[in-house]
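Below is start.cif, which holds mmCIF, C-alpha atoms.
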```cif
data_work
loop_
_atom_site.group_PDB
_atom_site.id
_atom_site.type_symbol
_atom_site.label_atom_id
_atom_site.label_comp_id
_atom_site.auth_asym_id
_atom_site.auth_seq_id
_atom_site.Cartn_x
_atom_site.Cartn_y
_atom_site.Cartn_z
ATOM 1 C CA MET A 1 -25.267 -3.688 -20.682
ATOM 2 C CA THR A 2 -26.395 -6.075 -18.010
ATOM 3 C CA THR A 3 -28.304 -4.938 -14.982
ATOM 4 C CA SER A 4 -26.256 -4.842 -11.836
ATOM 5 C CA SER A 5 -26.565 -3.328 -8.423
ATOM 6 C CA PRO A 6 -24.003 -0.865 -7.100
ATOM 7 C CA THR A 7 -21.009 -2.533 -5.475
ATOM 8 C CA THR A 8 -18.237 -1.332 -3.239
ATOM 9 C CA GLN A 9 -16.060 -1.110 -6.371
ATOM 10 C CA ALA A 10 -18.398 1.414 -8.015
ATOM 11 C CA LEU A 11 -17.397 5.083 -8.028
ATOM 12 C CA ASP A 12 -19.008 6.936 -5.107
ATOM 13 C CA GLY A 13 -19.976 10.206 -6.740
ATOM 14 C CA ALA A 14 -21.682 11.578 -3.627
ATOM 15 C CA ALA A 15 -18.364 11.481 -1.779
ATOM 16 C CA ILE A 16 -16.703 13.580 -4.501
ATOM 17 C CA ASP A 17 -19.057 16.557 -4.830
ATOM 18 C CA GLY A 18 -22.408 15.462 -3.469
ATOM 19 C CA GLY A 19 -22.595 18.653 -1.412
ATOM 20 C CA LEU A 20 -22.237 20.849 -4.489
ATOM 21 C CA TYR A 21 -24.815 18.726 -6.302
ATOM 22 C CA THR A 22 -27.244 19.264 -3.402
ATOM 23 C CA ASP A 23 -26.607 23.017 -3.497
ATOM 24 C CA VAL A 24 -27.520 23.111 -7.196
ATOM 25 C CA THR A 25 -30.627 20.975 -6.818
ATOM 26 C CA ASP A 26 -31.714 23.074 -3.834
ATOM 27 C CA PHE A 27 -31.384 26.101 -6.100
ATOM 28 C CA ALA A 28 -33.626 24.303 -8.598
ATOM 29 C CA ARG A 29 -36.112 23.587 -5.816
ATOM 30 C CA HIS A 30 -36.485 27.335 -5.187
ATOM 31 C CA THR A 31 -36.551 28.497 -8.820
ATOM 32 C CA HIS A 32 -39.776 26.898 -10.024
ATOM 33 C CA TRP A 33 -40.113 29.472 -12.819
ATOM 34 C CA LEU A 34 -36.881 28.112 -14.316
ATOM 35 C CA ASN A 35 -37.637 24.403 -13.930
ATOM 36 C CA GLU A 36 -39.615 23.825 -17.119
ATOM 37 C CA PRO A 37 -37.385 25.741 -19.564
ATOM 38 C CA VAL A 38 -34.239 24.095 -18.188
ATOM 39 C CA SER A 39 -35.856 20.657 -18.268
ATOM 40 C CA VAL A 40 -36.906 21.108 -21.897
ATOM 41 C CA PHE A 41 -33.473 22.382 -22.871
ATOM 42 C CA SER A 42 -31.726 19.575 -20.998
ATOM 43 C CA ALA A 43 -33.842 16.945 -22.752
ATOM 44 C CA PHE A 44 -33.977 18.387 -26.278
ATOM 45 C CA GLY A 45 -31.300 21.067 -26.503
ATOM 46 C CA ILE A 46 -28.847 18.611 -28.047
ATOM 47 C CA GLY A 47 -30.796 19.132 -31.277
ATOM 48 C CA LEU A 48 -29.409 22.674 -31.493
ATOM 49 C CA PHE A 49 -26.010 21.221 -32.327
ATOM 50 C CA ALA A 50 -27.465 19.484 -35.378
ATOM 51 C CA VAL A 51 -28.760 22.889 -36.505
ATOM 52 C CA TYR A 52 -25.315 24.434 -35.980
ATOM 53 C CA LEU A 53 -23.739 21.631 -37.990
ATOM 54 C CA LEU A 54 -26.215 22.129 -40.832
ATOM 55 C CA VAL A 55 -25.249 25.805 -40.943
ATOM 56 C CA ALA A 56 -21.556 24.853 -41.001
ATOM 57 C CA TRP A 57 -22.202 22.352 -43.820
ATOM 58 C CA TRP A 58 -24.103 24.903 -45.895
ATOM 59 C CA ARG A 59 -21.264 27.413 -45.558
ATOM 60 C CA ALA A 60 -18.606 24.783 -46.292
ATOM 61 C CA ARG A 61 -20.220 24.054 -49.651
ATOM 62 C CA GLY A 62 -18.777 27.365 -50.823
ATOM 63 C CA GLN A 63 -15.363 26.780 -49.243
ATOM 64 C CA GLY A 64 -12.396 24.520 -49.852
ATOM 65 C CA SER A 65 -12.181 20.782 -49.344
ATOM 66 C CA THR A 66 -10.458 21.171 -45.971
ATOM 67 C CA ALA A 67 -13.442 23.031 -44.539
ATOM 68 C CA MET A 68 -15.864 20.414 -45.847
ATOM 69 C CA ALA A 69 -13.637 17.624 -44.500
ATOM 70 C CA ALA A 70 -13.868 19.186 -41.032
ATOM 71 C CA VAL A 71 -17.660 19.363 -41.293
ATOM 72 C CA LEU A 72 -17.896 15.725 -42.365
ATOM 73 C CA ALA A 73 -15.525 14.741 -39.564
ATOM 74 C CA THR A 74 -17.813 16.259 -36.926
ATOM 75 C CA PRO A 75 -20.430 13.469 -36.735
ATOM 76 C CA VAL A 76 -17.595 10.918 -36.714
ATOM 77 C CA ALA A 77 -16.030 12.744 -33.761
ATOM 78 C CA VAL A 78 -19.349 12.905 -31.905
ATOM 79 C CA VAL A 79 -20.018 9.183 -32.325
ATOM 80 C CA LEU A 80 -16.476 8.293 -31.236
ATOM 81 C CA ALA A 81 -16.762 10.533 -28.188
ATOM 82 C CA TYR A 82 -20.050 8.874 -27.234
ATOM 83 C CA VAL A 83 -18.541 5.394 -27.607
ATOM 84 C CA VAL A 84 -15.486 6.299 -25.514
ATOM 85 C CA ASN A 85 -17.675 7.898 -22.861
ATOM 86 C CA SER A 86 -19.963 4.865 -22.706
ATOM 87 C CA GLY A 87 -16.907 2.665 -22.176
ATOM 88 C CA ILE A 88 -15.799 4.845 -19.268
ATOM 89 C CA LYS A 89 -19.288 4.561 -17.756
ATOM 90 C CA ASP A 90 -19.047 0.775 -17.814
ATOM 91 C CA VAL A 91 -15.659 0.865 -16.084
ATOM 92 C CA PHE A 92 -16.647 3.096 -13.162
ATOM 93 C CA ASP A 93 -20.314 2.067 -12.679
ATOM 94 C CA GLU A 94 -21.135 5.235 -10.749
ATOM 95 C CA PRO A 95 -24.772 5.121 -9.513
ATOM 96 C CA ARG A 96 -26.907 8.098 -10.424
ATOM 97 C CA PRO A 97 -27.129 10.785 -7.722
ATOM 98 C CA CYS A 98 -30.867 10.092 -7.444
ATOM 99 C CA ARG A 99 -29.912 6.729 -5.903
ATOM 100 C CA ALA A 100 -27.137 7.944 -3.629
ATOM 101 C CA LEU A 101 -29.031 11.079 -2.568
ATOM 102 C CA PRO A 102 -32.699 10.079 -2.966
ATOM 103 C CA HIS A 103 -34.099 12.989 -0.977
ATOM 104 C CA ASP A 104 -32.571 15.699 -3.185
ATOM 105 C CA PHE A 105 -34.806 17.634 -5.570
ATOM 106 C CA LEU A 106 -35.138 16.050 -9.040
ATOM 107 C CA LEU A 107 -36.655 17.280 -12.286
ATOM 108 C CA GLU A 108 -35.952 14.055 -14.194
ATOM 109 C CA ALA A 109 -37.160 10.586 -13.302
ATOM 110 C CA CYS A 110 -34.473 8.387 -11.775
ATOM 111 C CA PRO A 111 -33.068 6.080 -14.505
ATOM 112 C CA ALA A 112 -32.595 2.330 -14.218
ATOM 113 C CA PRO A 113 -29.797 1.145 -11.882
ATOM 114 C CA ASP A 114 -27.547 0.191 -14.822
ATOM 115 C CA ASP A 115 -27.812 3.668 -16.371
ATOM 116 C CA TYR A 116 -24.655 5.046 -14.813
ATOM 117 C CA ALA A 117 -23.828 8.696 -14.203
ATOM 118 C CA PHE A 118 -20.085 9.105 -14.823
ATOM 119 C CA PRO A 119 -19.370 10.778 -17.213
ATOM 120 C CA SER A 120 -22.383 12.619 -18.648
ATOM 121 C CA ASN A 121 -23.264 11.500 -22.180
ATOM 122 C CA HIS A 122 -25.233 14.662 -22.912
ATOM 123 C CA THR A 123 -22.268 16.823 -21.957
ATOM 124 C CA THR A 124 -19.803 14.660 -23.861
ATOM 125 C CA VAL A 125 -21.818 14.923 -27.069
ATOM 126 C CA ALA A 126 -22.381 18.666 -26.596
ATOM 127 C CA PHE A 127 -18.675 19.413 -26.156
ATOM 128 C CA ALA A 128 -17.699 17.091 -29.008
ATOM 129 C CA PHE A 129 -19.931 19.167 -31.275
ATOM 130 C CA ALA A 130 -18.688 22.458 -29.817
ATOM 131 C CA VAL A 131 -14.979 21.718 -30.223
ATOM 132 C CA ALA A 132 -15.481 20.431 -33.767
ATOM 133 C CA LEU A 133 -17.452 23.553 -34.667
ATOM 134 C CA LEU A 134 -14.752 25.774 -33.140
ATOM 135 C CA LEU A 135 -12.302 24.212 -35.586
ATOM 136 C CA ILE A 136 -14.673 25.053 -38.438
ATOM 137 C CA SER A 137 -15.921 28.531 -37.504
ATOM 138 C CA ARG A 138 -14.949 30.671 -34.534
ATOM 139 C CA ARG A 139 -18.324 32.422 -34.412
ATOM 140 C CA LEU A 140 -20.421 29.289 -34.815
ATOM 141 C CA GLY A 141 -18.119 27.361 -32.493
ATOM 142 C CA THR A 142 -18.392 30.003 -29.787
ATOM 143 C CA LEU A 143 -22.180 29.800 -29.946
ATOM 144 C CA ALA A 144 -21.954 26.000 -29.741
ATOM 145 C CA LEU A 145 -19.548 26.231 -26.789
ATOM 146 C CA VAL A 146 -21.941 28.473 -24.845
ATOM 147 C CA THR A 147 -24.734 25.998 -25.608
ATOM 148 C CA ALA A 148 -22.531 23.104 -24.442
ATOM 149 C CA LEU A 149 -21.775 24.875 -21.159
ATOM 150 C CA ALA A 150 -25.491 25.456 -20.651
ATOM 151 C CA MET A 151 -26.175 21.798 -21.416
ATOM 152 C CA GLY A 152 -23.651 20.645 -18.820
ATOM 153 C CA ALA A 153 -25.071 22.987 -16.187
ATOM 154 C CA SER A 154 -28.610 21.842 -16.980
ATOM 155 C CA ARG A 155 -27.712 18.200 -16.343
ATOM 156 C CA VAL A 156 -26.825 19.050 -12.747
ATOM 157 C CA TYR A 157 -29.777 21.409 -12.339
ATOM 158 C CA VAL A 158 -32.299 18.706 -13.297
ATOM 159 C CA GLY A 159 -30.616 16.266 -10.901
ATOM 160 C CA ALA A 160 -29.295 13.829 -13.518
ATOM 161 C CA HIS A 161 -25.566 14.235 -12.816
ATOM 162 C CA TYR A 162 -22.971 15.343 -10.296
ATOM 163 C CA PRO A 163 -20.771 18.290 -11.325
ATOM 164 C CA HIS A 164 -17.774 15.979 -11.838
ATOM 165 C CA ASP A 165 -19.819 13.855 -14.271
ATOM 166 C CA VAL A 166 -20.293 16.968 -16.375
ATOM 167 C CA ALA A 167 -16.680 18.147 -16.068
ATOM 168 C CA VAL A 168 -15.227 14.812 -17.170
ATOM 169 C CA GLY A 169 -17.842 14.471 -19.914
ATOM 170 C CA ALA A 170 -16.761 17.872 -21.247
ATOM 171 C CA LEU A 171 -13.120 16.754 -21.187
ATOM 172 C CA VAL A 172 -13.806 13.460 -22.959
ATOM 173 C CA GLY A 173 -15.925 15.088 -25.649
ATOM 174 C CA SER A 174 -13.405 17.871 -26.209
ATOM 175 C CA VAL A 175 -10.316 15.658 -26.443
ATOM 176 C CA VAL A 176 -11.857 12.986 -28.674
ATOM 177 C CA SER A 177 -13.379 15.598 -30.967
ATOM 178 C CA LEU A 178 -10.204 17.664 -31.195
ATOM 179 C CA VAL A 179 -8.057 14.682 -32.159
ATOM 180 C CA THR A 180 -10.596 13.216 -34.569
ATOM 181 C CA VAL A 181 -11.337 16.424 -36.460
ATOM 182 C CA LEU A 182 -7.684 17.484 -36.669
ATOM 183 C CA VAL A 183 -6.694 14.091 -38.085
ATOM 184 C CA LEU A 184 -9.561 13.848 -40.567
ATOM 185 C CA ARG A 185 -9.203 17.477 -41.607
ATOM 186 C CA ARG A 186 -5.632 16.648 -42.568
ATOM 187 C CA ILE A 187 -6.145 13.338 -44.383
ATOM 188 C CA ALA A 188 -9.672 13.595 -45.831
ATOM 189 C CA PRO A 189 -9.517 16.609 -48.244
ATOM 190 C CA PRO A 190 -8.353 14.485 -51.222
ATOM 191 C CA LEU A 191 -11.369 12.220 -50.691
ATOM 192 C CA VAL A 192 -13.661 15.246 -50.506
ATOM 193 C CA GLU A 193 -12.184 16.537 -53.782
ATOM 194 C CA ARG A 194 -12.961 13.253 -55.512
ATOM 195 C CA LEU A 195 -16.490 13.125 -54.089
ATOM 196 C CA ARG A 196 -17.098 16.674 -55.308
ATOM 197 C CA THR A 197 -16.736 15.453 -58.886
ATOM 198 C CA GLY A 198 -19.317 12.685 -58.510
ATOM 199 C CA ALA A 199 -22.971 12.190 -57.638
ATOM 200 C CA LEU A 200 -22.520 13.831 -54.232
ATOM 201 C CA ARG A 201 -21.323 17.096 -55.786
ATOM 202 C CA PRO A 202 -24.517 19.090 -54.953
ATOM 203 C CA LEU A 203 -24.104 18.153 -51.269
ATOM 204 C CA LEU A 204 -20.425 18.991 -51.081
ATOM 205 C CA THR A 205 -20.030 22.151 -53.125
ATOM 206 C CA SER A 206 -22.061 25.115 -54.329
ATOM 207 C CA GLN A 207 -19.704 25.643 -57.283
ATOM 208 C CA PRO A 208 -21.201 25.028 -60.733
ATOM 209 C CA SER A 209 -20.004 21.995 -62.702
#
```
Would you give me this structure, written as structure tokens?
Amino acid sequence: MTTSSPTTQALDGAAIDGGLYTDVTDFARHTHWLNEPVSVFSAFGIGLFAVYLLVAWWRARGQGSTAMAAVLATPVAVVLAYVVNSGIKDVFDEPRPCRALPHDFLLEACPAPDDYAFPSNHTTVAFAFAVALLLISRRLGTLALVTALAMGASRVYVGAHYPHDVAVGALVGSVVSLVTVLVLRRIAPPLVERLRTGALRPLLTSQPS
């Protein structure tokens, strides 16, 4: 991505819901006790989804090939969602709210000018994981969905994104993940069955040889 300065063609996020963004960051300004835990979660909480996926994988080893295919499809869905979201960012070139509203309260340093805000990558990845996990396990998926909602909210709280960045990121992650996992869950089980008879057997099934 090449460095560029905001132009009149760039999406003006402040005009969409800058007021709501300011309300949230003002709330952050007056809840100092919450600042550090939310900042840590916002920065590193995405790792929780890897833990959820590991749990889903471990359980799928004792299940059929369709369940394992859905687990293996999850990282594919997450990467695709990230790529699609990054493409949308490059189309709209929305400056970060820290540049449009520089006097608002921030918990994260303002990124470089070419690190655009719309949509939120963190939220996209979180919801891609959550939707995929919902298709694998209702209980695990519900936990992941709650975590994804918290991730999206945290991105506004720390001042990194407008609310609409998070909302569209959630939509992109959900749609891409839903389509990807449903398709791969349908076509990949025969491949999983073959792999379960080879060198990868211990990773793909808990059944004895």
- Expand the PyMOL selection byres ((chain A and resi 148) around 8) into the individual residues it matches in the shown file, reporting them as a PyMOL selection string. chain A and resi 123+126-127+130+144-147+149-152
Restricting to only C-alpha atoms, whichever of A:Val76, A:Glu94, A:Phe49, A:Val38 is closest to Thr142 in chain A is A:Phe49
- Output the residue selection produced by the PyMOL selection byres ((chain A and resi 70) around 7) on the file above, formatted as a list of chain:residue names.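 Checking the PyMOL selection byres ((chain A and resi 70) around 7) against this file, the residues are A:Thr66, A:Ala67, A:Met68, A:Ala69, A:Val71, A:Leu72, A:Ala73, A:Thr74, A:Ile136, A:Val181, A:Leu184, A:Arg185.
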Taken to one decimal, the CA of Val55 in chain A-CA of Leu143 in chain A distance is 12.1 Å
Set up a box along x, y and z of the file covering all listed atoms of range 117-129 of chain A, add 4 Å on every one of the six sides, and write the centre and edge lengths in Å to one decimal, as JSON.
```
{"center_x": -21.5, "center_y": 14.1, "center_z": -22.7, "size_x": 15.5, "size_y": 18.7, "size_z": 25.1}
```
Ranking A:His164, A:Arg138, A:Arg186, A:Arg194 by minimum distance to Gly19 in chain A and counting only C-alpha atoms, which one comes first?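 Using only C-alpha atoms, the shortest distance to Gly19 in chain A belongs to A:His164.
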note - CA of Ile46 in chain A and CA of Ser120 in chain A are separated by 12.9 Å
Just how far from CA of Asn35 in chain A is CA of Asp93 in chain A, in Å to one decimal?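 Value for the CA of Asp93 in chain A-CA of Asn35 in chain A distance: 28.3 Å.
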Across A:Trp33, A:Phe27, A:Tyr52, A:Phe44, the smallest distance to Leu140 in chain A, with only C-alpha atoms counted, is shown by A:Tyr52
Go ahead and find all residues with at least one atom no further than 9 Å from (-34.2, 23.9, -16.5) in the file's coordinates, using all atoms listed in the file; report them as an NGL selection string. :A and (28 or 33-42 or 107 or 154-155 or 157-158)
Choose the residue, out of A:Gly173, A:Pro189, A:Gly141, A:Pro102, that has the smallest atom-to-atom separation from Val83 in chain A; count all atoms listed in the file.
->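 Smallest separation from Val83 in chain A among the options: A:Gly173.
When only C-alpha atoms are used to measure the gap to Thr22 in chain A, the shortest distance among A:Val131, A:Ala77, A:Ala100, A:Val51 belongs to A:Ala100.
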Selected by the PyMOL selection byres ((chain A and resi 11) around 7) in the shown coordinates: which residues, as a PDB file with C-alpha atoms, in the coordinates of the input?
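Output (part16.pdb):
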```pdb
ATOM      1  CA  GLN A   9     -16.060  -1.110  -6.371  1.00  0.00           C
ATOM      2  CA  ALA A  10     -18.398   1.414  -8.015  1.00  0.00           C
ATOM      3  CA  ASP A  12     -19.008   6.936  -5.107  1.00  0.00           C
ATOM      4  CA  GLY A  13     -19.976  10.206  -6.740  1.00  0.00           C
ATOM      5  CA  PHE A  92     -16.647   3.096 -13.162  1.00  0.00           C
ATOM      6  CA  ASP A  93     -20.314   2.067 -12.679  1.00  0.00           C
ATOM      7  CA  GLU A  94     -21.135   5.235 -10.749  1.00  0.00           C
TER       8      GLU A  94
END
```
Do a neighbour search on Gly159 in chain A at 7 Å with all atoms listed in the file, toss out local chain neighbours closer than 3 positions, and write the hits as a list in words.
Thr25, Phe105, Leu106, Leu107, Glu108, Arg155 and Val156 of chain A
The residue from A:Trp57, A:Tyr82, A:Tyr162, A:Phe129 with the smallest atom-to-atom distance to Asp17 in chain A, counting only C-alpha atoms, is A:Tyr162
Up to 9 Å from (-14.3, 18.7, -55.0) in the file's coordinates: name the residues, counting all atoms listed in the file, as a list in words.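 All residues meeting the 9 Å criterion around (-14.3, 18.7, -55.0) are Gly64, Ser65, Pro189, Pro190, Leu191, Val192, Glu193, Arg194, Leu195, Arg196, Thr197, Gly198, Arg201, Leu204 and Thr205 of chain A.
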